[in-house]
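Listing of query_10.txt, compact mmCIF, C-alpha atoms
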```txt
# COMPACT_ATOMS: atom_id res chain seq x y z
CA MET A 1 0.00 0.00 0.00
CA ASP A 2 1.33 3.38 -1.07
CA VAL A 3 0.37 6.25 1.29
CA HIS A 4 2.08 9.05 -0.65
CA ALA A 5 0.61 9.63 -4.11
CA HIS A 6 -0.94 12.74 -5.58
CA VAL A 7 -3.91 13.89 -7.63
CA ILE A 8 -4.36 16.89 -9.90
CA PRO A 9 -7.75 17.30 -11.59
CA GLY A 10 -7.77 17.25 -15.37
CA GLU A 11 -9.63 20.57 -15.29
CA PHE A 12 -10.40 23.27 -12.74
CA PRO A 13 -13.71 25.11 -12.72
CA ALA A 14 -13.68 28.58 -14.20
CA TRP A 15 -14.25 31.35 -11.70
CA LEU A 16 -17.75 32.77 -12.04
CA GLY A 17 -18.58 36.41 -11.55
CA GLY A 18 -15.50 38.23 -12.84
CA ALA A 19 -11.74 37.77 -12.94
CA ALA A 20 -10.39 34.70 -11.18
CA PRO A 21 -8.76 35.45 -7.81
CA SER A 22 -4.99 35.50 -7.70
CA GLY A 23 -3.73 31.96 -7.15
CA TRP A 24 -6.73 30.19 -8.71
CA PRO A 25 -5.33 27.29 -10.80
CA SER A 26 -6.20 26.27 -14.34
CA MET A 27 -5.00 23.64 -16.81
CA ALA A 28 -3.44 24.24 -20.22
CA PRO A 29 -2.48 21.82 -23.01
CA ALA A 30 1.12 20.65 -22.93
CA GLN A 31 3.40 18.82 -25.33
CA ASP A 32 1.06 15.92 -26.10
CA CYS A 33 -2.46 14.76 -25.42
CA PHE A 34 -1.39 12.88 -22.27
CA HIS A 35 0.05 15.95 -20.51
CA ARG A 36 -1.27 19.25 -19.22
CA SER A 37 0.32 22.17 -17.42
CA VAL A 38 -0.92 23.47 -14.09
CA MET A 39 -1.13 27.23 -14.54
CA ILE A 40 -1.14 29.58 -11.53
CA ASP A 41 -1.23 33.33 -12.11
CA GLY A 42 -0.27 32.82 -15.75
CA LYS A 43 2.82 30.74 -14.98
CA ASN A 44 3.39 27.03 -15.52
CA TYR A 45 3.73 25.57 -12.04
CA ARG A 46 4.21 21.99 -13.24
CA THR A 47 3.52 19.88 -16.34
CA VAL A 48 1.94 16.55 -15.45
CA SER A 49 0.62 13.46 -17.19
CA ASP A 50 -2.96 12.25 -17.28
CA LYS A 51 -2.04 9.68 -14.64
CA SER A 52 -2.67 12.56 -12.24
CA TRP A 53 -6.42 12.47 -12.93
CA THR A 54 -7.24 9.33 -14.94
CA THR A 55 -8.03 6.44 -12.59
CA SER A 56 -7.55 3.68 -15.16
CA ARG A 57 -4.11 4.96 -16.19
CA ARG A 58 -3.06 5.09 -12.54
CA LEU A 59 -4.28 1.58 -11.79
CA ALA A 60 -2.48 0.24 -14.87
CA ASP A 61 0.85 1.02 -13.18
CA PHE A 62 0.07 -0.92 -10.01
CA ALA A 63 1.37 -4.26 -11.26
CA ASP A 64 4.82 -2.94 -12.23
CA MET A 65 5.06 -1.00 -8.96
CA GLY A 66 3.95 -4.00 -6.89
CA LEU A 67 0.97 -2.13 -5.41
CA GLU A 68 -2.46 -3.29 -4.34
CA LEU A 69 -3.74 -0.09 -2.75
CA GLN A 70 -2.82 3.58 -2.95
CA ALA A 71 -3.84 6.56 -0.82
CA ILE A 72 -4.25 9.64 -3.02
CA SER A 73 -4.00 13.25 -1.89
CA PRO A 74 -3.85 16.62 -3.66
CA MET A 75 -0.65 17.98 -5.14
CA PRO A 76 0.52 20.03 -2.11
CA GLU A 77 0.55 23.39 -3.91
CA LEU A 78 -3.21 22.96 -4.42
CA LEU A 79 -3.80 23.14 -0.65
CA SER A 80 -3.73 26.89 -1.36
CA TYR A 81 -3.66 28.24 2.18
CA TRP A 82 -2.74 31.66 0.78
CA LEU A 83 -6.12 32.11 -0.94
CA ALA A 84 -8.89 34.06 0.77
CA PRO A 85 -10.76 31.62 3.05
CA ALA A 86 -13.98 31.49 1.01
CA VAL A 87 -12.00 31.02 -2.20
CA GLY A 88 -9.78 28.35 -0.70
CA ALA A 89 -12.83 26.53 0.64
CA GLN A 90 -14.30 26.35 -2.87
CA LEU A 91 -11.08 25.01 -4.34
CA VAL A 92 -10.54 22.25 -1.78
CA ARG A 93 -14.18 21.21 -1.99
CA TYR A 94 -13.68 20.66 -5.72
CA LEU A 95 -10.46 18.72 -5.07
CA ASN A 96 -12.11 16.55 -2.45
CA GLU A 97 -15.01 15.68 -4.73
CA GLN A 98 -12.60 14.83 -7.55
CA ILE A 99 -10.68 12.52 -5.20
CA ALA A 100 -13.90 10.88 -4.04
CA GLY A 101 -14.85 10.28 -7.67
CA MET A 102 -11.53 8.57 -8.38
CA VAL A 103 -11.93 6.40 -5.30
CA ALA A 104 -15.40 5.36 -6.49
CA GLU A 105 -14.02 4.47 -9.93
CA SER A 106 -11.15 2.41 -8.56
CA GLY A 107 -13.00 -0.68 -7.38
CA GLY A 108 -11.57 -0.33 -3.89
CA ARG A 109 -7.95 0.13 -4.95
CA LEU A 110 -7.72 3.86 -4.15
CA ILE A 111 -8.16 5.49 -0.74
CA GLY A 112 -8.87 9.20 -0.47
CA LEU A 113 -7.04 11.76 1.65
CA GLY A 114 -8.71 15.15 1.37
CA ALA A 115 -7.76 18.78 1.92
CA VAL A 116 -9.11 21.52 4.17
CA PRO A 117 -8.80 25.34 4.11
CA LEU A 118 -6.62 25.75 7.18
CA GLN A 119 -6.44 29.50 6.65
CA ASP A 120 -9.82 29.53 8.45
CA MET A 121 -10.30 27.18 11.40
CA ASP A 122 -14.09 26.98 11.24
CA LEU A 123 -14.09 26.28 7.52
CA ALA A 124 -11.33 23.70 7.94
CA ILE A 125 -13.20 21.73 10.58
CA ARG A 126 -16.40 21.98 8.56
CA GLU A 127 -14.65 20.56 5.48
CA LEU A 128 -12.96 17.86 7.56
CA THR A 129 -16.37 16.72 8.75
CA TYR A 130 -17.72 16.81 5.19
CA ILE A 131 -14.96 14.67 3.71
CA LYS A 132 -15.41 12.14 6.51
CA THR A 133 -19.18 11.90 6.70
CA SER A 134 -20.32 12.80 3.17
CA LEU A 135 -17.44 11.74 0.92
CA GLY A 136 -16.13 8.83 2.96
CA LEU A 137 -12.48 9.82 2.64
CA LYS A 138 -10.12 8.09 5.06
CA GLY A 139 -7.89 10.98 6.14
CA VAL A 140 -6.56 14.43 5.36
CA GLU A 141 -3.39 15.91 3.92
CA ILE A 142 -1.93 19.12 5.33
CA GLY A 143 1.16 21.20 4.62
CA SER A 144 4.23 21.26 6.82
CA ASN A 145 3.44 24.91 7.46
CA ILE A 146 0.34 27.02 6.99
CA ASN A 147 1.34 30.37 5.52
CA GLY A 148 4.65 30.16 7.35
CA VAL A 149 3.25 28.99 10.70
CA VAL A 150 4.58 25.54 11.53
CA MET A 151 2.04 22.80 12.24
CA GLY A 152 3.18 22.32 15.84
CA ASP A 153 2.04 25.85 16.74
CA PRO A 154 -0.77 25.80 19.36
CA ARG A 155 -3.11 27.77 17.09
CA TRP A 156 -3.80 24.58 15.09
CA LEU A 157 -4.81 22.60 18.17
CA PRO A 158 -8.61 22.77 17.47
CA PHE A 159 -8.06 21.26 14.05
CA PHE A 160 -6.02 18.36 15.37
CA GLU A 161 -8.56 17.79 18.13
CA ALA A 162 -11.22 17.53 15.43
CA CYS A 163 -9.08 15.04 13.49
CA ALA A 164 -8.75 12.84 16.56
CA ALA A 165 -12.46 13.09 17.37
CA LEU A 166 -13.38 12.09 13.80
CA ASP A 167 -10.68 9.38 13.67
CA MET A 168 -9.09 11.06 10.64
CA PRO A 169 -5.35 10.42 10.26
CA VAL A 170 -3.20 13.30 8.98
CA PHE A 171 -0.57 13.03 6.25
CA VAL A 172 1.94 15.90 6.34
CA HIS A 173 3.66 17.04 3.16
CA ALA A 174 6.22 19.79 2.61
CA LEU A 175 4.76 23.01 1.25
CA ARG A 176 6.47 26.29 0.27
CA PRO A 177 9.47 25.38 2.42
CA ALA A 178 11.75 27.67 4.34
CA GLY A 179 15.31 28.15 3.16
CA MET A 180 14.72 28.62 -0.55
CA ASP A 181 17.04 31.63 -0.47
CA ARG A 182 19.89 29.33 0.61
CA LEU A 183 19.73 27.05 -2.45
CA VAL A 184 22.05 27.41 -5.43
CA GLY A 185 20.73 25.86 -8.61
CA PRO A 186 17.53 25.31 -10.61
CA PRO A 187 13.98 25.34 -9.19
CA PRO A 188 13.66 21.53 -8.75
CA LEU A 189 16.03 21.82 -5.78
CA GLN A 190 12.96 22.91 -3.81
CA GLN A 191 11.70 19.32 -3.98
CA VAL A 192 15.14 17.76 -3.65
CA LEU A 193 16.63 19.71 -0.74
CA ALA A 194 14.13 22.12 0.82
CA TYR A 195 11.20 19.73 1.20
CA PRO A 196 13.00 17.35 3.61
CA THR A 197 14.17 20.31 5.69
CA ASP A 198 10.67 21.71 6.11
CA VAL A 199 9.20 18.29 6.90
CA GLY A 200 11.88 17.71 9.53
CA LEU A 201 11.17 21.04 11.21
CA ALA A 202 7.44 20.36 11.11
CA ALA A 203 7.88 16.98 12.79
CA ALA A 204 10.23 18.50 15.39
CA SER A 205 7.59 21.15 16.16
CA VAL A 206 5.14 18.36 16.96
CA LEU A 207 7.62 16.97 19.50
CA THR A 208 8.57 20.28 21.13
CA GLY A 209 4.96 21.50 21.05
CA ASN A 210 3.71 18.39 22.89
CA LEU A 211 1.00 17.88 20.27
CA LEU A 212 0.60 14.15 20.88
CA ALA A 213 0.24 14.70 24.61
CA ARG A 214 -2.37 17.40 24.00
CA VAL A 215 -4.32 15.32 21.47
CA PRO A 216 -4.29 11.63 22.47
CA GLY A 217 -5.21 9.33 19.63
CA LEU A 218 -4.03 11.66 16.88
CA ARG A 219 -2.29 9.79 14.04
CA LEU A 220 0.29 11.81 12.10
CA ALA A 221 2.45 10.68 9.17
CA PHE A 222 5.30 12.62 7.57
CA SER A 223 6.40 12.44 3.95
CA HIS A 224 9.96 11.87 2.70
CA GLY A 225 10.93 9.70 5.65
CA GLY A 226 10.27 12.52 8.07
CA GLY A 227 12.81 14.67 6.25
CA THR A 228 15.69 15.73 8.50
CA LEU A 229 14.02 14.62 11.75
CA ALA A 230 16.14 11.47 12.16
CA MET A 231 19.28 13.65 12.15
CA LEU A 232 17.77 16.32 14.39
CA LEU A 233 16.45 13.86 16.96
CA PRO A 234 19.75 12.99 18.73
CA ARG A 235 20.53 16.70 19.13
CA LEU A 236 17.07 17.36 20.52
CA GLN A 237 17.32 14.41 22.88
CA GLN A 238 20.74 15.49 24.16
CA ALA A 239 19.55 19.07 24.58
CA MET A 240 16.93 17.88 27.07
CA SER A 241 19.73 17.23 29.57
CA VAL A 242 21.56 20.48 28.80
CA PHE A 243 18.94 23.22 28.64
CA PRO A 244 16.57 23.41 31.64
CA ALA A 245 14.02 25.47 29.71
CA LEU A 246 13.73 22.74 27.11
CA LYS A 247 13.45 20.00 29.72
CA ASP A 248 10.69 21.95 31.44
CA SER A 249 8.71 22.65 28.28
CA VAL A 250 8.86 19.25 26.53
CA LEU A 251 6.66 16.84 28.45
CA LYS A 252 7.99 13.56 27.04
CA SER A 253 11.26 12.28 25.61
CA PRO A 254 11.53 13.41 21.96
CA ALA A 255 12.86 9.97 20.98
CA GLU A 256 9.82 8.29 22.51
CA GLN A 257 7.45 10.74 20.86
CA ALA A 258 9.10 10.22 17.48
CA ARG A 259 8.28 6.51 17.69
CA GLU A 260 4.58 7.38 17.93
CA LEU A 261 4.58 9.18 14.57
CA TYR A 262 4.45 7.56 11.14
CA TYR A 263 6.77 8.17 8.17
CA ASP A 264 6.93 7.11 4.55
CA THR A 265 9.84 5.20 3.05
CA LEU A 266 10.60 7.68 0.26
CA VAL A 267 14.33 8.22 0.88
CA PHE A 268 15.95 6.58 -2.21
CA ASP A 269 18.67 4.88 -0.14
CA ALA A 270 18.81 1.53 1.65
CA PRO A 271 21.15 2.57 4.51
CA THR A 272 18.96 5.61 5.20
CA LEU A 273 15.87 3.42 5.32
CA GLN A 274 17.63 1.02 7.70
CA HIS A 275 18.48 3.99 9.93
CA LEU A 276 14.87 5.18 9.94
CA VAL A 277 13.65 1.73 11.00
CA ARG A 278 16.22 1.65 13.82
CA THR A 279 15.33 5.18 14.92
CA PHE A 280 11.55 5.21 14.59
CA GLY A 281 10.71 1.50 14.74
CA ALA A 282 9.59 -0.99 12.10
CA SER A 283 6.01 -0.33 13.17
CA GLN A 284 6.09 3.30 11.98
CA LEU A 285 7.29 3.22 8.34
CA MET A 286 4.97 2.93 5.32
CA VAL A 287 5.48 2.82 1.56
CA GLY A 288 5.52 6.23 -0.11
CA THR A 289 6.20 6.85 -3.80
CA ASP A 290 5.22 10.46 -4.76
CA TYR A 291 3.47 8.95 -7.79
CA PRO A 292 2.83 10.06 -10.53
CA PHE A 293 5.44 12.83 -10.60
CA ASN A 294 8.84 12.37 -12.26
CA PHE A 295 10.70 12.38 -8.94
CA HIS A 296 9.07 9.24 -7.54
CA ASP A 297 9.99 5.71 -6.52
CA ALA A 298 8.77 3.45 -9.34
CA ARG A 299 9.79 0.24 -7.54
CA PRO A 300 8.96 0.80 -3.85
CA LEU A 301 8.97 -2.88 -2.88
CA GLU A 302 12.39 -3.36 -4.45
CA SER A 303 13.64 -0.36 -2.48
CA ILE A 304 12.45 -1.93 0.78
CA ARG A 305 13.82 -5.38 -0.01
CA ALA A 306 17.18 -3.84 -0.94
CA ALA A 307 17.52 -2.77 2.69
CA GLY A 308 17.70 -6.44 3.73
CA PHE A 309 14.78 -6.56 6.16
CA ASP A 310 13.28 -9.89 7.15
CA GLU A 311 9.80 -10.79 5.90
CA THR A 312 8.11 -9.68 9.11
CA VAL A 313 9.50 -6.16 8.73
CA VAL A 314 8.78 -6.15 4.99
CA ASP A 315 5.15 -6.98 5.74
CA GLN A 316 4.97 -4.17 8.28
CA LEU A 317 6.47 -1.60 5.93
CA THR A 318 4.52 -2.66 2.85
CA GLN A 319 1.01 -2.96 4.23
CA ALA A 320 0.37 -3.56 7.95
CA ASN A 321 1.55 -0.16 9.21
CA ALA A 322 -0.37 1.72 6.53
CA ARG A 323 -3.54 -0.18 7.36
CA ARG A 324 -3.14 0.72 11.03
CA PHE A 325 -2.47 4.37 10.19
CA LEU A 326 -5.51 4.60 7.90
CA GLY A 327 -7.79 2.56 10.17
CA LEU A 328 -8.23 -0.30 7.68
CA PRO A 329 -8.59 -3.97 8.67
CA ILE A 330 -5.27 -5.76 8.51
CA SER A 331 -6.88 -8.79 6.84
CA GLN A 332 -8.77 -6.75 4.29
CA GLY A 333 -6.87 -7.88 1.20
CA LYS A 334 -7.28 -5.74 -1.90
CA GLN A 335 -10.56 -4.09 -1.04
CA ALA A 336 -10.64 -0.79 0.82
```

Please rewrite the model in this file as structure tokens.
Amino acid sequence: MDVHAHVIPGEFPAWLGGAAPSGWPSMAPAQDCFHRSVMIDGKNYRTVSDKSWTTSRRLADFADMGLELQAISPMPELLSYWLAPAVGAQLVRYLNEQIAGMVAESGGRLIGLGAVPLQDMDLAIRELTYIKTSLGLKGVEIGSNINGVVMGDPRWLPFFEACAALDMPVFVHALRPAGMDRLVGPPPLQQVLAYPTDVGLAAASVLTGNLLARVPGLRLAFSHGGGTLAMLLPRLQQAMSVFPALKDSVLKSPAEQARELYYDTLVFDAPTLQHLVRTFGASQLMVGTDYPFNFHDARPLESIRAAGFDETVVDQLTQANARRFLGLPISQGKQA
């Protein structure tokens, strides 16, 4: 089961009643009939294939990838926290209904993770309830920061309380990361280098903000292997015995907290994956591919087996942990 795969609709609705708000996306033809470009404010944000929106084309790749199930979530840029709340609410409602449609078409092989307009707490909780009760989606995707405010900030506590109350797991993806001014090279370095940094800081904010203690039962998963968290964790753990203010403010060992979070396996390196299993536990890692974008793992099972895990650990990483995270029966087989 792949927990990290994205959706982009083949079309976006035209804005009615005048000029489209700044940031409203649209699609434009690309180099062939199988590709389109996501246009935002007149600029090509990304050119993508029809696998982003065509369920049958997506499912056709499952056999080569070794997949039975895939959790689909919006391309992170489409979370659009920077839009006005009412505008953002309209966009994510459209995304969520498109995801629900793909799930319905998939014969039980796709699982939906929706989006919410976190720029407005009331609207976010309302949409969270809608995607759970009306659309039947299994969880929600959020960005590592919301307009520059990291997810561990206390202001997001009501949202996470609602997620726990509704039994909706949360998948965290990097979004508009910090540190872009420190990169030297072409724009794709945002995905390559800045995404893991922002994810690591987001996960660390959960630990230092005591989010799991404040919201028992909350299930959180982090993309890209938790980014830099595995390298930050020993420093944070050591700092607990050095800085009294930190020891007083963090209610539980960071290392112990980190083993209560979930992470995907998308690290492109067997020794790194081995280190994540040692650090976070074999019970906390799940397959992630970043499908269908170019920078994805096309052979996720081969990547896991290359790390030399025994079959018990392979089973945990390839399906059992994801089922537990998403609240699916372990013995469910191919049907979601």

Atom pair CA of Glu77 (chain A) / CA of Ala104 (chain A): separation (Å):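 Taking CA of Glu77 (chain A) and CA of Ala104 (chain A), their separation equals 24.2 Å.
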
Residues near Val92 (chain A), cut-off 7 Å, only C-alpha atoms, skip fewer than 3 positions along chain, as a VMD selection string: chain A and resid 79 88 to 89 95 to 96 115 to 117

Which one of A:Ile8, A:Leu246, A:Met180, A:Val150 sits closest to Arg36 (chain A) if you count only C-alpha atoms?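 Smallest separation from Arg36 (chain A) among the options: A:Ile8.
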
Among the residues A:Thr208, A:Leu276, A:Leu113, A:Gly107, the one that comes closest to Pro169 (chain A) [using all atoms listed in the file]: A:Leu113

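CA of Ile99 (chain A) to CA of Met151 (chain A) spans 23.9 Å [interatomic distance, one decimal].
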
Can you tell me, as a ChimeraX atom specification, what residues are no more than 12 Å from Glu97 (chain A) when counting all atoms listed in the file, ignoring any on the same chain fewer than 4 positions away? /A:7-9,12,73-74,90-93,101-104,112-115,127,130-132,134-137

Pick from A:Ser56, A:Ser223, A:Ser144, A:Gln257, whichever lies nearest to Leu201 (chain A) using only C-alpha atoms: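 Answer, going by the shortest atom-to-atom distance: A:Ser144.
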
Proximity to Arg259 (chain A) - best of A:Thr279, A:Asn294, A:Gln237, A:Thr289, all atoms listed in the file: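 Comparing A:Thr279, A:Asn294, A:Gln237, A:Thr289 against Arg259 (chain A), the winner is A:Thr279.
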
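The shell of residues at most 10 Å from Ala84 (chain A), with only C-alpha atoms counted and near chain neighbours (fewer than 5 positions) removed, consists of Pro21, Ser22, Gly23, Ala89, Pro117, Gln119 and Asp120 of chain A.
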
Of the candidates A:Leu229, A:Arg57, A:Pro76, A:Ser303, which shows the shortest atom-to-atom distance to Leu175 (chain A), using all atoms listed in the file?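 Residue with the minimum atom-to-atom distance to Leu175 (chain A): A:Pro76.
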
Just checking: using all atoms listed in the file, which residue out of A:Gly10, A:Pro158, A:Pro177, A:Gly148 ends up closest to Gln98 (chain A)?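 Nearest to Gln98 (chain A): A:Gly10.
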
So that I can see what lies close to Gln274 (chain A), please list as a list in words the residues with an atom at most 12 Å from it, counting only C-alpha atoms and leaving out residues fewer than 2 positions away in the same chain.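 In the requested format, the answer is Gly225, Ala230, Thr265, Val267, Phe268, Asp269, Ala270, Pro271, Thr272, Leu276, Val277, Arg278, Thr279, Phe280, Gly281, Ala282, Leu285, Ser303, Ile304, Arg305, Ala306, Ala307, Gly308, Phe309, Asp310, Val313, Val314 and Leu317 of chain A.
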